[in-house]
Amino acid sequence: MKPVMNLDEVVFDDIEDNGRYTSRRGTIGAHIGARHLGYNLTVLPPGKVQCPFHNHHGEEEMFLVLEGEGELRFGDRRYPIRPHDVIACPPGGPEVAHQIVNTGTVTMKYLALSTRVEVDACEYPDSGKVLVVSGNAPGTGLRGMFRAEDTVDYYDREPS
């Protein structure tokens, strides 16, 4: 495996076609031997978003806009973004929740980089969901998506 990959070699292996959430992502990190960082190239059509508004409690993400223009939702603010903008999305609560929206008229392309942690929890402030993930390899670990209001008492269903 060589540690170099040109962006024109990226194969789009994660394709979303779900109305507003329509994008193509191509994995890079696994193809160049990355172990502790995840890399991908995302292509986002005009008027679309790649994923719901969310924040990570474990992973940190960085995005580099290559082409197109749009908007970054970040916490309770919105920022215009354009080519060569570098975006930091540190771990934390809803104050660092983020979402990239293609508000332009042409396709947006950006490079995404993230830390790969063994355990992460994501919150989705717009929809009140929580995602818990463990394990870095596909098909391993735990993955569960829950409604935040479905919390139970610590001793719920435990024998007394």
# chains A, B, ... in the order shown; residues from 1 in each chain; ligands from 1
$ residues_around --residues "Leu66 (chain A)" --least-positions-apart "2" --cutoff "7 Å" --atoms "only C-alpha atoms" --output "PyMOL selection string"
chain A and resi 64+83-84+109-110
$ write_last_selection --atoms "N, CA and C atoms" --output "CSV table (one decimal), in the first residue's frame"
chain,number,residue,atom,x,y,z
A,64,LEU,N,-11.8,21.0,4.6
A,64,LEU,CA,-11.1,21.9,3.7
A,64,LEU,C,-12.0,22.0,2.4
A,83,PRO,N,-14.0,28.1,-1.4
A,83,PRO,CA,-12.8,27.4,-1.6
A,83,PRO,C,-11.6,27.9,-0.8
A,84,HIS,N,-10.9,26.9,-0.2
A,84,HIS,CA,-9.7,27.1,0.6
A,84,HIS,C,-10.0,27.5,2.0
A,109,LYS,N,-17.1,20.5,-3.3
A,109,LYS,CA,-16.2,19.4,-2.9
A,109,LYS,C,-15.4,19.9,-1.7
A,110,TYR,N,-15.3,18.9,-0.8
A,110,TYR,CA,-14.4,19.2,0.4
A,110,TYR,C,-13.8,18.0,0.9
$ closest_residue --among "A:Phe53, A:Phe63, A:Tyr155, A:Tyr79" --to "Tyr124 (chain A)" --atoms "only C-alpha atoms"
A:Phe53
$ residues_around --residues "region 112-118 of chain A" --least-positions-apart "5" --cutoff "7 Å" --atoms "only C-alpha atoms" --output "ChimeraX atom specification"
/A:36-41,58-64,134-136
$ write_last_selection --atoms "N, CA and C atoms" --output "CSV table (one decimal), in the first residue's frame"
chain,number,residue,atom,x,y,z
A,36,HIS,N,-5.0,6.4,12.6
A,36,HIS,CA,-5.7,7.2,13.7
A,36,HIS,C,-6.4,8.4,13.2
A,37,LEU,N,-6.4,8.6,11.9
A,37,LEU,CA,-7.2,9.6,11.2
A,37,LEU,C,-8.0,9.1,10.1
A,38,GLY,N,-9.2,9.6,9.9
A,38,GLY,CA,-10.1,9.2,8.8
A,38,GLY,C,-10.1,10.4,7.8
A,39,TYR,N,-10.0,10.0,6.5
A,39,TYR,CA,-10.0,11.0,5.5
A,39,TYR,C,-11.0,10.6,4.4
A,40,ASN,N,-11.7,11.6,3.9
A,40,ASN,CA,-12.6,11.3,2.8
A,40,ASN,C,-12.8,12.6,1.9
A,41,LEU,N,-13.2,12.3,0.7
A,41,LEU,CA,-13.6,13.4,-0.2
A,41,LEU,C,-15.1,13.4,-0.3
A,58,GLY,N,-16.4,12.6,21.1
A,58,GLY,CA,-15.1,12.0,21.0
A,58,GLY,C,-14.2,12.5,19.8
A,59,GLU,N,-14.8,12.4,18.7
A,59,GLU,CA,-14.0,12.8,17.4
A,59,GLU,C,-13.9,14.2,17.2
A,60,GLU,N,-12.8,14.6,16.6
A,60,GLU,CA,-12.7,16.0,16.1
A,60,GLU,C,-12.6,15.9,14.6
A,61,GLU,N,-13.2,16.9,13.9
A,61,GLU,CA,-13.3,16.9,12.5
A,61,GLU,C,-12.7,18.2,11.9
A,62,MET,N,-12.1,18.1,10.7
A,62,MET,CA,-11.6,19.3,10.0
A,62,MET,C,-12.1,19.2,8.6
A,63,PHE,N,-12.5,20.3,8.0
A,63,PHE,CA,-12.9,20.2,6.6
A,63,PHE,C,-12.2,21.3,5.8
A,64,LEU,N,-11.8,21.0,4.6
A,64,LEU,CA,-11.1,21.9,3.7
A,64,LEU,C,-12.0,22.0,2.4
A,134,SER,N,-18.9,2.3,19.0
A,134,SER,CA,-17.6,1.8,19.5
A,134,SER,C,-17.0,0.9,18.4
A,135,GLY,N,-15.7,0.9,18.4
A,135,GLY,CA,-15.0,0.1,17.4
A,135,GLY,C,-14.7,0.8,16.1
A,136,ASN,N,-13.5,0.7,15.6
A,136,ASN,CA,-13.1,1.5,14.4
A,136,ASN,C,-13.3,0.7,13.1
$ residues_around --residues "Val96 (chain A)" --least-positions-apart "6" --cutoff "12 Å" --atoms "only C-alpha atoms" --output "tab-separated table (two decimals) with N, CA and C atoms, in the first residue's frame"
chain	number	residue	atom	x	y	z
A	53	PHE	N	-27.40	18.02	11.30
A	53	PHE	CA	-26.70	18.87	12.26
A	53	PHE	C	-26.35	18.02	13.48
A	54	HIS	N	-25.05	17.97	13.83
A	54	HIS	CA	-24.62	17.07	14.90
A	54	HIS	C	-23.34	17.56	15.57
A	55	ASN	N	-23.06	17.00	16.74
A	55	ASN	CA	-21.79	17.24	17.42
A	55	ASN	C	-21.27	15.91	17.97
A	56	HIS	N	-19.96	15.80	17.97
A	56	HIS	CA	-19.28	14.61	18.48
A	56	HIS	C	-18.73	14.89	19.88
A	57	HIS	N	-18.77	13.90	20.74
A	57	HIS	CA	-18.15	14.02	22.06
A	57	HIS	C	-16.76	13.42	22.08
A	59	GLU	N	-14.80	12.43	18.65
A	59	GLU	CA	-14.05	12.75	17.43
A	59	GLU	C	-13.94	14.25	17.20
A	60	GLU	N	-12.83	14.64	16.59
A	60	GLU	CA	-12.66	16.01	16.11
A	60	GLU	C	-12.60	15.95	14.60
A	61	GLU	N	-13.24	16.91	13.94
A	61	GLU	CA	-13.27	16.93	12.48
A	61	GLU	C	-12.70	18.24	11.95
A	72	LEU	N	-21.71	27.09	6.67
A	72	LEU	CA	-21.45	26.22	7.81
A	72	LEU	C	-22.39	26.62	8.93
A	73	ARG	N	-23.22	25.69	9.35
A	73	ARG	CA	-23.98	25.88	10.60
A	73	ARG	C	-23.04	25.42	11.70
A	74	PHE	N	-22.83	26.23	12.69
A	74	PHE	CA	-21.93	25.89	13.78
A	74	PHE	C	-22.52	26.46	15.06
A	75	GLY	N	-22.96	25.57	15.95
A	75	GLY	CA	-23.66	26.02	17.15
A	75	GLY	C	-24.88	26.81	16.75
A	76	ASP	N	-25.01	28.02	17.28
A	76	ASP	CA	-26.17	28.86	16.95
A	76	ASP	C	-25.84	29.92	15.90
A	77	ARG	N	-24.72	29.72	15.17
A	77	ARG	CA	-24.31	30.70	14.15
A	77	ARG	C	-24.21	30.05	12.78
A	78	ARG	N	-24.12	30.89	11.78
A	78	ARG	CA	-23.93	30.45	10.40
A	78	ARG	C	-22.81	31.26	9.78
A	87	ILE	N	-12.10	24.47	8.16
A	87	ILE	CA	-13.14	24.48	9.19
A	87	ILE	C	-12.75	23.52	10.31
A	88	ALA	N	-12.77	24.01	11.55
A	88	ALA	CA	-12.49	23.17	12.72
A	88	ALA	C	-13.79	22.85	13.44
A	89	CYS	N	-14.01	21.56	13.71
A	89	CYS	CA	-15.17	21.12	14.47
A	89	CYS	C	-14.68	20.25	15.62
A	90	PRO	N	-14.36	20.89	16.76
A	90	PRO	CA	-13.83	20.14	17.90
A	90	PRO	C	-14.93	19.34	18.60
A	122	CYS	N	-22.57	10.96	19.55
A	122	CYS	CA	-22.99	12.13	18.78
A	122	CYS	C	-24.38	12.55	19.25
A	123	GLU	N	-24.58	13.84	19.29
A	123	GLU	CA	-25.91	14.39	19.54
A	123	GLU	C	-26.40	15.04	18.25
A	124	TYR	N	-27.70	15.00	18.05
A	124	TYR	CA	-28.35	15.62	16.90
A	124	TYR	C	-29.36	16.63	17.44
A	125	PRO	N	-28.93	17.89	17.67
A	125	PRO	CA	-29.79	18.87	18.33
A	125	PRO	C	-31.12	19.15	17.63
$ residues_around --residues "Ile81 (chain A)" --least-positions-apart "5" --cutoff "8 Å" --atoms "only C-alpha atoms" --output "ChimeraX atom specification"
/A:65,69-72
$ write_last_selection --atoms "C-alpha atoms" --output "compact mmCIF listing (two decimals), in the first residue's frame"
# COMPACT_ATOMS: atom_id res chain seq x y z
CA VAL A 65 -13.37 23.38 0.99
CA GLU A 69 -19.63 27.78 -1.88
CA GLY A 70 -21.99 27.23 0.96
CA GLU A 71 -22.72 27.74 4.59
CA LEU A 72 -21.45 26.22 7.81
$ select_by_dssp --residues "region 14-105 of chain A" --states "alpha helix (DSSP H)" --output "NGL selection string"
:A and (29-32)
$ write_last_selection --atoms "N, CA and C atoms" --output "compact mmCIF listing (two decimals), in the first residue's frame"
# COMPACT_ATOMS: atom_id res chain seq x y z
N GLY A 29 -8.44 7.49 3.69
CA GLY A 29 -7.57 7.05 4.77
C GLY A 29 -7.17 5.59 4.73
N ALA A 30 -8.15 4.70 4.59
CA ALA A 30 -7.85 3.27 4.58
C ALA A 30 -6.99 2.86 3.40
N HIS A 31 -7.08 3.62 2.30
CA HIS A 31 -6.33 3.28 1.09
C HIS A 31 -4.87 3.75 1.13
N ILE A 32 -4.56 4.65 2.06
CA ILE A 32 -3.18 5.14 2.14
C ILE A 32 -2.51 4.75 3.45
$ closest_residue --among "A:Val152, A:Ile15, A:Ala97, A:Val133" --to "Leu44 (chain A)" --atoms "only C-alpha atoms"
A:Ile15
$ atom_distance --atom1 "CA of Arg147 (chain A)" --atom2 "CA of Lys48 (chain A)"
24.4 Å
$ atom_distance --atom1 "CA of Tyr154 (chain A)" --atom2 "CA of Gly93 (chain A)"
22.4 Å
$ select_by_dssp --residues "chain A" --states "strand (DSSP E or B)" --output "NGL selection string"
:A and (12-18 or 21-27 or 37-44 or 49 or 54-56 or 61-67 or 70-74 or 77-81 or 86-89 or 98-101 or 108-115 or 119-124 or 129-134 or 143-147)
$ atom_distance --atom1 "CA of Pro80 (chain A)" --atom2 "CA of Asp13 (chain A)"
28.2 Å
$ residues_around --residues "Pro52 (chain A)" --least-positions-apart "6" --cutoff "9 Å" --atoms "only C-alpha atoms" --output "tab-separated table (two decimals) with N, CA and C atoms, in the first residue's frame"
chain	number	residue	atom	x	y	z
A	21	TYR	N	-30.59	15.16	2.11
A	21	TYR	CA	-29.31	14.55	2.48
A	21	TYR	C	-28.78	13.70	1.31
A	98	HIS	N	-22.44	20.97	14.08
A	98	HIS	CA	-22.06	21.51	12.78
A	98	HIS	C	-22.76	20.79	11.64
A	99	GLN	N	-22.81	21.50	10.51
A	99	GLN	CA	-23.42	20.97	9.29
A	99	GLN	C	-22.97	21.85	8.14
A	124	TYR	N	-27.70	15.00	18.05
A	124	TYR	CA	-28.35	15.62	16.90
A	124	TYR	C	-29.36	16.63	17.44
A	126	ASP	N	-31.17	19.09	16.29
A	126	ASP	CA	-32.42	19.38	15.58
A	126	ASP	C	-33.48	18.30	15.80
A	127	SER	N	-33.04	17.06	15.97
A	127	SER	CA	-33.99	15.95	16.05
A	127	SER	C	-34.00	15.25	17.40
$ closest_residue --among "A:Pro3, A:Arg82, A:Cys51, A:Arg157" --to "Thr107 (chain A)" --atoms "only C-alpha atoms"
A:Arg82
